[in-house]
Every structure is written in structure tokens, then in C-alpha cells.
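Undergrad: Sending over structure-v8.pdb (PDB, C-alpha atoms).
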ATOM      1  CA  MET A  23     -31.976  15.998  -9.155
ATOM      2  CA  HIS A  24     -28.395  16.029  -7.857
ATOM      3  CA  GLN A  25     -26.500  19.304  -7.897
ATOM      4  CA  LYS A  26     -25.611  20.257 -11.441
ATOM      5  CA  LYS A  27     -22.299  21.677 -12.602
ATOM      6  CA  CYS A  28     -23.644  23.208 -15.798
ATOM      7  CA  VAL A  29     -26.872  24.883 -16.895
ATOM      8  CA  LEU A  30     -27.618  25.321 -20.596
ATOM      9  CA  PHE A  31     -30.298  27.762 -21.699
ATOM     10  CA  ASP A  32     -32.375  28.139 -24.823
ATOM     11  CA  VAL A  33     -32.758  31.821 -25.881
ATOM     12  CA  ASP A  34     -36.159  32.641 -27.379
ATOM     13  CA  GLY A  35     -38.974  32.092 -24.919
ATOM     14  CA  THR A  36     -36.462  31.215 -22.180
ATOM     15  CA  LEU A  37     -34.009  34.098 -21.685
ATOM     16  CA  VAL A  38     -35.565  36.605 -24.054
ATOM     17  CA  ASP A  39     -39.264  37.239 -24.517
ATOM     18  CA  THR A  40     -39.474  37.272 -28.321
ATOM     19  CA  GLU A  41     -42.712  35.345 -28.799
ATOM     20  CA  GLU A  42     -44.901  38.264 -29.776
ATOM     21  CA  ALA A  43     -42.277  39.927 -32.007
ATOM     22  CA  THR A  44     -41.465  36.661 -33.832
ATOM     23  CA  VAL A  45     -45.079  35.793 -34.578
ATOM     24  CA  GLU A  46     -46.239  39.335 -35.439
ATOM     25  CA  ALA A  47     -43.262  39.788 -37.774
ATOM     26  CA  LEU A  48     -43.927  36.458 -39.485
ATOM     27  CA  LYS A  49     -47.580  37.386 -39.918
ATOM     28  CA  THR A  50     -46.551  40.676 -41.553
ATOM     29  CA  THR A  51     -43.986  38.890 -43.746
ATOM     30  CA  MET A  52     -46.510  36.358 -45.061
ATOM     31  CA  LYS A  53     -49.036  39.121 -45.749
ATOM     32  CA  LYS A  54     -46.627  41.536 -47.453
ATOM     33  CA  LEU A  55     -44.654  39.025 -49.536
ATOM     34  CA  TYR A  56     -47.266  36.367 -50.276
ATOM     35  CA  ASN A  57     -50.601  38.027 -49.477
ATOM     36  CA  LYS A  58     -51.409  35.175 -47.076
ATOM     37  CA  GLU A  59     -53.357  35.838 -43.887
ATOM     38  CA  TYR A  60     -52.544  33.831 -40.744
ATOM     39  CA  THR A  61     -53.718  34.048 -37.162
ATOM     40  CA  ASN A  62     -51.204  34.191 -34.306
ATOM     41  CA  ASN A  63     -52.254  30.686 -33.254
ATOM     42  CA  GLU A  64     -51.447  29.303 -36.689
ATOM     43  CA  LEU A  65     -47.915  30.719 -36.485
ATOM     44  CA  ASN A  66     -47.084  30.031 -32.826
ATOM     45  CA  PHE A  67     -45.175  26.897 -33.901
ATOM     46  CA  ALA A  68     -42.459  29.235 -35.252
ATOM     47  CA  VAL A  69     -41.330  30.065 -31.723
ATOM     48  CA  GLY A  70     -38.322  27.835 -31.062
ATOM     49  CA  LEU A  71     -37.741  26.533 -34.586
ATOM     50  CA  PRO A  72     -34.861  27.722 -36.801
ATOM     51  CA  GLY A  73     -36.258  30.297 -39.228
ATOM     52  CA  LYS A  74     -35.540  28.217 -42.331
ATOM     53  CA  HIS A  75     -37.451  25.251 -40.933
ATOM     54  CA  THR A  76     -40.440  27.461 -40.140
ATOM     55  CA  LEU A  77     -40.537  28.829 -43.690
ATOM     56  CA  HIS A  78     -40.100  25.343 -45.118
ATOM     57  CA  LYS A  79     -43.149  24.193 -43.121
ATOM     58  CA  LEU A  80     -45.104  27.128 -44.542
ATOM     59  CA  GLY A  81     -44.236  25.963 -48.062
ATOM     60  CA  ILE A  82     -41.999  28.930 -48.897
ATOM     61  CA  GLU A  83     -39.582  28.342 -51.775
ATOM     62  CA  ASN A  84     -37.561  31.560 -51.671
ATOM     63  CA  ILE A  85     -36.341  30.944 -48.132
ATOM     64  CA  ASP A  86     -33.239  33.171 -47.907
ATOM     65  CA  ASP A  87     -34.930  36.395 -49.059
ATOM     66  CA  THR A  88     -38.002  35.660 -46.962
ATOM     67  CA  LEU A  89     -35.826  35.026 -43.905
ATOM     68  CA  ARG A  90     -34.054  38.337 -44.433
ATOM     69  CA  PHE A  91     -37.370  40.188 -44.752
ATOM     70  CA  TRP A  92     -38.726  38.448 -41.634
ATOM     71  CA  GLY A  93     -35.594  39.505 -39.715
ATOM     72  CA  GLU A  94     -36.184  43.123 -40.772
ATOM     73  CA  GLN A  95     -39.791  42.887 -39.582
ATOM     74  CA  ILE A  96     -38.663  41.477 -36.207
ATOM     75  CA  ARG A  97     -36.509  44.588 -35.756
ATOM     76  CA  GLU A  98     -39.628  46.685 -36.391
ATOM     77  CA  PHE A  99     -41.234  44.952 -33.406
ATOM     78  CA  SER A 100     -38.105  45.215 -31.238
ATOM     79  CA  ASN A 101     -39.954  47.361 -28.682
ATOM     80  CA  LYS A 102     -41.838  44.167 -27.762
ATOM     81  CA  VAL A 103     -38.617  42.208 -27.066
ATOM     82  CA  MET A 104     -37.175  42.099 -23.531
ATOM     83  CA  LEU A 105     -35.354  39.868 -21.071
ATOM     84  CA  TYR A 106     -37.775  37.950 -18.876
ATOM     85  CA  PRO A 107     -37.977  39.301 -15.303
ATOM     86  CA  GLN A 108     -35.453  37.699 -12.895
ATOM     87  CA  ILE A 109     -33.164  36.390 -15.663
ATOM     88  CA  GLU A 110     -30.163  38.553 -14.726
ATOM     89  CA  GLU A 111     -30.610  37.837 -11.013
ATOM     90  CA  THR A 112     -30.842  34.091 -11.704
ATOM     91  CA  LEU A 113     -27.704  34.069 -13.869
ATOM     92  CA  ASP A 114     -25.890  36.097 -11.192
ATOM     93  CA  ASN A 115     -26.798  33.563  -8.503
ATOM     94  CA  LEU A 116     -25.743  30.584 -10.618
ATOM     95  CA  LYS A 117     -22.446  32.259 -11.532
ATOM     96  CA  ASP A 118     -21.780  32.961  -7.831
ATOM     97  CA  LYS A 119     -22.070  29.226  -7.175
ATOM     98  CA  ASN A 120     -19.463  28.521  -9.884
ATOM     99  CA  ILE A 121     -22.015  26.800 -12.092
ATOM    100  CA  LYS A 122     -20.971  26.787 -15.741
ATOM    101  CA  LEU A 123     -23.479  28.550 -17.987
ATOM    102  CA  GLY A 124     -24.062  27.970 -21.678
ATOM    103  CA  ILE A 125     -26.517  28.740 -24.471
ATOM    104  CA  VAL A 126     -27.934  26.261 -26.988
ATOM    105  CA  THR A 127     -30.170  28.101 -29.439
ATOM    106  CA  SER A 128     -31.901  27.675 -32.804
ATOM    107  CA  ARG A 129     -30.677  31.140 -33.734
ATOM    108  CA  TYR A 130     -27.862  31.664 -36.185
ATOM    109  CA  ASP A 131     -24.621  33.250 -34.982
ATOM    110  CA  TYR A 132     -25.417  36.709 -36.356
ATOM    111  CA  GLU A 133     -28.864  36.633 -34.703
ATOM    112  CA  VAL A 134     -27.133  36.298 -31.329
ATOM    113  CA  LYS A 135     -24.437  38.914 -31.978
ATOM    114  CA  GLU A 136     -26.842  41.548 -33.310
ATOM    115  CA  ASP A 137     -29.399  41.242 -30.497
ATOM    116  CA  ILE A 138     -29.064  44.277 -28.225
ATOM    117  CA  ILE A 139     -31.311  42.785 -25.527
ATOM    118  CA  LEU A 140     -29.527  39.422 -25.389
ATOM    119  CA  ASN A 141     -26.146  41.174 -25.337
ATOM    120  CA  LYS A 142     -26.957  42.471 -21.854
ATOM    121  CA  VAL A 143     -26.432  38.960 -20.471
ATOM    122  CA  LEU A 144     -24.011  37.281 -22.896
ATOM    123  CA  HIS A 145     -21.069  37.904 -20.531
ATOM    124  CA  TYR A 146     -22.508  35.266 -18.166
ATOM    125  CA  PHE A 147     -22.046  32.480 -20.711
ATOM    126  CA  ASP A 148     -18.855  30.521 -21.365
ATOM    127  CA  VAL A 149     -20.136  28.455 -24.296
ATOM    128  CA  ILE A 150     -22.664  29.522 -26.935
ATOM    129  CA  VAL A 151     -23.781  26.997 -29.541
ATOM    130  CA  THR A 152     -25.818  28.581 -32.324
ATOM    131  CA  TYR A 153     -27.475  26.759 -35.185
ATOM    132  CA  ASN A 154     -25.562  26.050 -38.364
ATOM    133  CA  GLU A 155     -26.026  23.657 -41.248
ATOM    134  CA  SER A 156     -23.365  21.229 -39.983
ATOM    135  CA  LEU A 157     -25.552  20.380 -36.963
ATOM    136  CA  LYS A 158     -28.999  18.834 -37.008
ATOM    137  CA  PRO A 159     -31.525  21.233 -35.432
ATOM    138  CA  LYS A 160     -33.454  20.589 -32.240
ATOM    139  CA  PRO A 161     -35.120  18.220 -31.369
ATOM    140  CA  TYR A 162     -31.911  16.400 -32.393
ATOM    141  CA  PRO A 163     -29.327  16.625 -29.583
ATOM    142  CA  ASP A 164     -26.366  17.667 -31.799
ATOM    143  CA  GLN A 165     -26.089  21.237 -30.475
ATOM    144  CA  LEU A 166     -26.470  20.171 -26.854
ATOM    145  CA  LEU A 167     -23.795  17.491 -27.233
ATOM    146  CA  LYS A 168     -21.461  20.039 -28.809
ATOM    147  CA  ALA A 169     -21.916  22.332 -25.795
ATOM    148  CA  LEU A 170     -21.229  19.480 -23.342
ATOM    149  CA  LYS A 171     -18.106  18.568 -25.275
ATOM    150  CA  GLU A 172     -16.828  22.157 -25.130
ATOM    151  CA  PHE A 173     -17.494  22.228 -21.379
ATOM    152  CA  LYS A 174     -16.008  18.722 -20.918
ATOM    153  CA  ILE A 175     -19.108  17.936 -18.833
ATOM    154  CA  ASP A 176     -21.024  14.646 -18.538
ATOM    155  CA  PRO A 177     -24.708  14.767 -19.556
ATOM    156  CA  ASP A 178     -25.581  13.755 -15.998
ATOM    157  CA  ASP A 179     -23.991  16.939 -14.607
ATOM    158  CA  ALA A 180     -25.927  19.279 -16.902
ATOM    159  CA  VAL A 181     -29.482  20.520 -17.192
ATOM    160  CA  TYR A 182     -31.148  22.181 -20.196
ATOM    161  CA  VAL A 183     -33.726  24.922 -19.635
ATOM    162  CA  GLY A 184     -36.090  25.523 -22.542
ATOM    163  CA  ASP A 185     -39.678  26.286 -23.436
ATOM    164  CA  THR A 186     -40.694  24.062 -26.364
ATOM    165  CA  PRO A 187     -41.084  20.346 -27.122
ATOM    166  CA  TYR A 188     -38.088  20.791 -29.481
ATOM    167  CA  ASP A 189     -35.924  21.713 -26.466
ATOM    168  CA  TYR A 190     -37.324  18.803 -24.482
ATOM    169  CA  GLY A 191     -36.592  16.357 -27.317
ATOM    170  CA  CYS A 192     -33.081  17.753 -27.635
ATOM    171  CA  ALA A 193     -32.395  17.239 -23.899
ATOM    172  CA  LYS A 194     -33.878  13.747 -23.930
ATOM    173  CA  GLY A 195     -31.784  12.769 -26.955
ATOM    174  CA  GLY A 196     -28.645  13.961 -25.170
ATOM    175  CA  ASN A 197     -29.567  12.238 -21.856
ATOM    176  CA  VAL A 198     -29.650  15.616 -20.125
ATOM    177  CA  ASP A 199     -32.228  16.618 -17.493
ATOM    178  CA  PHE A 200     -34.758  19.149 -18.785
ATOM    179  CA  ILE A 201     -36.556  21.959 -16.990
ATOM    180  CA  LEU A 202     -39.480  23.673 -18.682
ATOM    181  CA  ALA A 203     -39.233  27.466 -18.538
ATOM    182  CA  ASN A 204     -42.913  28.036 -17.841
ATOM    183  CA  TRP A 205     -42.689  31.794 -17.569
ATOM    184  CA  GLY A 206     -44.341  33.976 -20.175
ATOM    185  CA  ASN A 207     -47.911  34.583 -21.224
ATOM    186  CA  VAL A 208     -49.185  31.050 -21.725
ATOM    187  CA  ASP A 209     -49.013  27.793 -19.783
ATOM    188  CA  ARG A 210     -46.540  25.837 -21.892
ATOM    189  CA  ARG A 211     -47.337  22.496 -20.293
ATOM    190  CA  ASP A 212     -50.207  22.230 -22.779
ATOM    191  CA  ASN A 213     -47.608  21.592 -25.513
ATOM    192  CA  PHE A 214     -46.131  18.562 -23.734
ATOM    193  CA  ASP A 215     -47.330  14.973 -23.584
ATOM    194  CA  ASP A 216     -45.220  14.330 -20.480
ATOM    195  CA  LYS A 217     -47.352  15.822 -17.714
ATOM    196  CA  ASN A 218     -44.711  15.033 -15.055
ATOM    197  CA  ILE A 219     -42.253  17.372 -16.707
ATOM    198  CA  LYS A 220     -40.009  19.345 -14.339
ATOM    199  CA  MET A 221     -40.851  23.010 -14.632
ATOM    200  CA  CYS A 222     -40.348  26.426 -13.082
ATOM    201  CA  ASN A 223     -42.881  29.242 -13.206
ATOM    202  CA  LYS A 224     -40.243  31.911 -12.678
ATOM    203  CA  PRO A 225     -36.496  31.960 -13.355
ATOM    204  CA  LEU A 226     -35.418  32.223  -9.697
ATOM    205  CA  ASP A 227     -37.187  28.904  -9.002
ATOM    206  CA  LEU A 228     -34.383  27.277 -11.020
ATOM    207  CA  LEU A 229     -32.050  27.819  -8.071
ATOM    208  CA  ASP A 230     -34.000  25.346  -5.912
ATOM    209  CA  TYR A 231     -33.568  22.664  -8.545
ATOM    210  CA  ILE A 232     -29.979  23.336  -9.437
ATOM    211  CA  ILE A 233     -28.346  24.499  -6.206
ATOM    212  CA  GLY A 234     -30.812  23.289  -3.615
ATOM    213  CA  GLY A 235     -31.382  19.928  -4.944
TER     214      GLY A 235
END
If you took the structure in this file and wrote it as C-alpha cells, what would it be?
TA:
Amino acid sequence: MHQKKCVLFDVDGTLVDTEEATVEALKTTMKKLYNKEYTNNELNFAVGLPGKHTLHKLGIENIDDTLRFWGEQIREFSNKVMLYPQIEETLDNLKDKNIKLGIVTSRYDYEVKEDIILNKVLHYFDVIVTYNESLKPKPYPDQLLKALKEFKIDPDDAVYVGDTPYDYGCAKGGNVDFILANWGNVDRRDNFDDKNIKMCNKPLDLLDYIIGG
């Protein structure tokens, strides 16, 4: 991988550890609103998908109210949300090397602005592309291409760091190199058909790929 000029990050499961809060809150939402019981495994797919798409997959008709309730539940579990270890140090190092940093996330704008944990590192990022209805969601590359356009960067000079097959598909569709953020509680390679996928087991390992390589 030649030296990159720009690194784009996914948020949930990549910068911020929200897996447990997202799934627990969804489980509570489905139980309280619809009296449906799910296991964590059955709801793990929700990590990395826009909320509306998750609820659509679960067959929910009243999506807006359910989404709002789910968001309230996530706040109840906010003590479980934190930045992954080494994230700030990694962003610091990349910034020092004059590498442009951006975010491409399935979150809506307000979900980025209202997140106290994420706000600790937002100052590192020059471009933030959130999800909105005018863009197709990941795995389509629309959001990634928008970020590249704002940076005026060629796909070849960028890399996308994410944790789900949706992120991988998004990078592939935009002809951007992908690195799997394989930090967290589970080995995420199990979710990928491509077993030769580039990956890092801790955030600081990204520096070898991006600066060293």
C-alpha cells in the first residue's frame, strides 16, 4: 500500500465502542414496544447499519417513533460507550504527518453532534459525511465518494477504516483501499468472505500501513 494522503473512518465499532449499547438498547426497544424477545446474536447485524434500515429488516412499520425510542434507550446505556483504546493517539500521529482525516458514518447528523464521547475527537476531522436520505447507505459508495470529493482526493490516495462488511463493500465500490478495524470483543474476520482482507488488531497498527508503507 503506497503512502496515503487521507484516512476515512467509520464511527461505530471503529472509533467508538458502541456495540453493546446499540444491541442492548435495541433488545429493550423490541421488548418494551413490541413484546418481542431477541438474543444479542440475532441483533448484532444492527451494528453498522443506519437505524431505519435495521428497523425495516425487523419488520417495524412505525419506524420514526421506534427510532426515537431506541435512541433514548441507547442513552440509558451510555455508560457502556467509550472511545477504543489508542484512538486519540492514532489520530494525533496521523495529524502530525499531515494526513487528512475524515469520517464516513451511517449515523445521522444529530447522532454525531449529540455524542459526548465522539465529540472528544471530532476536532481531528476535516470532513464528516453523515447519512441522509439523498445518499444511498453503505454498502453503496455514495458517502465515501462525497468525502473524497470534498477533500479533492483520488480514491487511490485514500483508505477507509471500518468494521463491517457494509464498510468493506462501500470502500470496494469507491475503489478505495479498506482496512478492517479488528479491535473490540470479537474477531470480525468471521463476517468477511475475503480472508486476505487487510486488518489491524489495534488502532496504532494503522500507522504501519498508512505512514510506513
Undergrad: With a distance cut-off of 8 Å and only C-alpha atoms, select the neighbouring residues of Phe147 (chain A), excluding the residue or stretch itself and same-chain residues fewer than 6 positions from it, and output the selection as a compact mmCIF listing (two decimals) with C-alpha atoms, in the coordinates of the input.
TA:
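Output (result-v4.txt):
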# COMPACT_ATOMS: atom_id res chain seq x y z
CA LYS A 122 -20.97 26.79 -15.74
CA LEU A 123 -23.48 28.55 -17.99
CA GLY A 124 -24.06 27.97 -21.68
CA ILE A 125 -26.52 28.74 -24.47
Undergrad: Pick out the closest residue to Leu226 (chain A) from this set: A:Leu170, A:Pro107, A:Pro161, A:Thr152. Count all atoms listed in the file.
TA: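 Among the listed residues, A:Pro107 lies closest to Leu226 (chain A).
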Undergrad: CA of Ile233 (chain A) and CA of Lys119 (chain A), how far apart in Å?
TA: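 Rounded to one decimal, the two atoms are 7.9 Å apart.
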Undergrad: Can you turn the PyMOL selection byres ((chain A and resi 210) around 12) into a concrete residue list for this file, as a ChimeraX atom specification?
TA: /A:35-36,66,69,184-187,190,201-209,211-217,219-223
Undergrad: Quick one: apply the PyMOL selection byres ((chain A and resi 128-133) around 6) to the file and drop the selected residues here as a ChimeraX atom specification.
TA: /A:72,127,134-136,152-153
Undergrad: Do you know which residues lie at most 9 Å from (-31.7, 33.2, -11.8), with coordinates as in the file and only C-alpha atoms counted, and could you write them as number ranges by chain?
TA: A: 108-116, 224-229
Undergrad: Write the residues of the preceding selection, restricted to C-alpha atoms, as a compact mmCIF listing (two decimals), keeping the file's coordinate frame.
TA:
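Saved as out02.txt:
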# COMPACT_ATOMS: atom_id res chain seq x y z
CA GLN A 108 -35.45 37.70 -12.90
CA ILE A 109 -33.16 36.39 -15.66
CA GLU A 110 -30.16 38.55 -14.73
CA GLU A 111 -30.61 37.84 -11.01
CA THR A 112 -30.84 34.09 -11.70
CA LEU A 113 -27.70 34.07 -13.87
CA ASP A 114 -25.89 36.10 -11.19
CA ASN A 115 -26.80 33.56 -8.50
CA LEU A 116 -25.74 30.58 -10.62
CA LYS A 224 -40.24 31.91 -12.68
CA PRO A 225 -36.50 31.96 -13.36
CA LEU A 226 -35.42 32.22 -9.70
CA ASP A 227 -37.19 28.90 -9.00
CA LEU A 228 -34.38 27.28 -11.02
CA LEU A 229 -32.05 27.82 -8.07
Undergrad: If you apply the PyMOL selection byres ((chain A and resi 196) around 8) to this file, what residues do you get, as a VMD selection string?
TA: chain A and resid 163 to 164 166 to 167 177 192 to 195 197 to 198
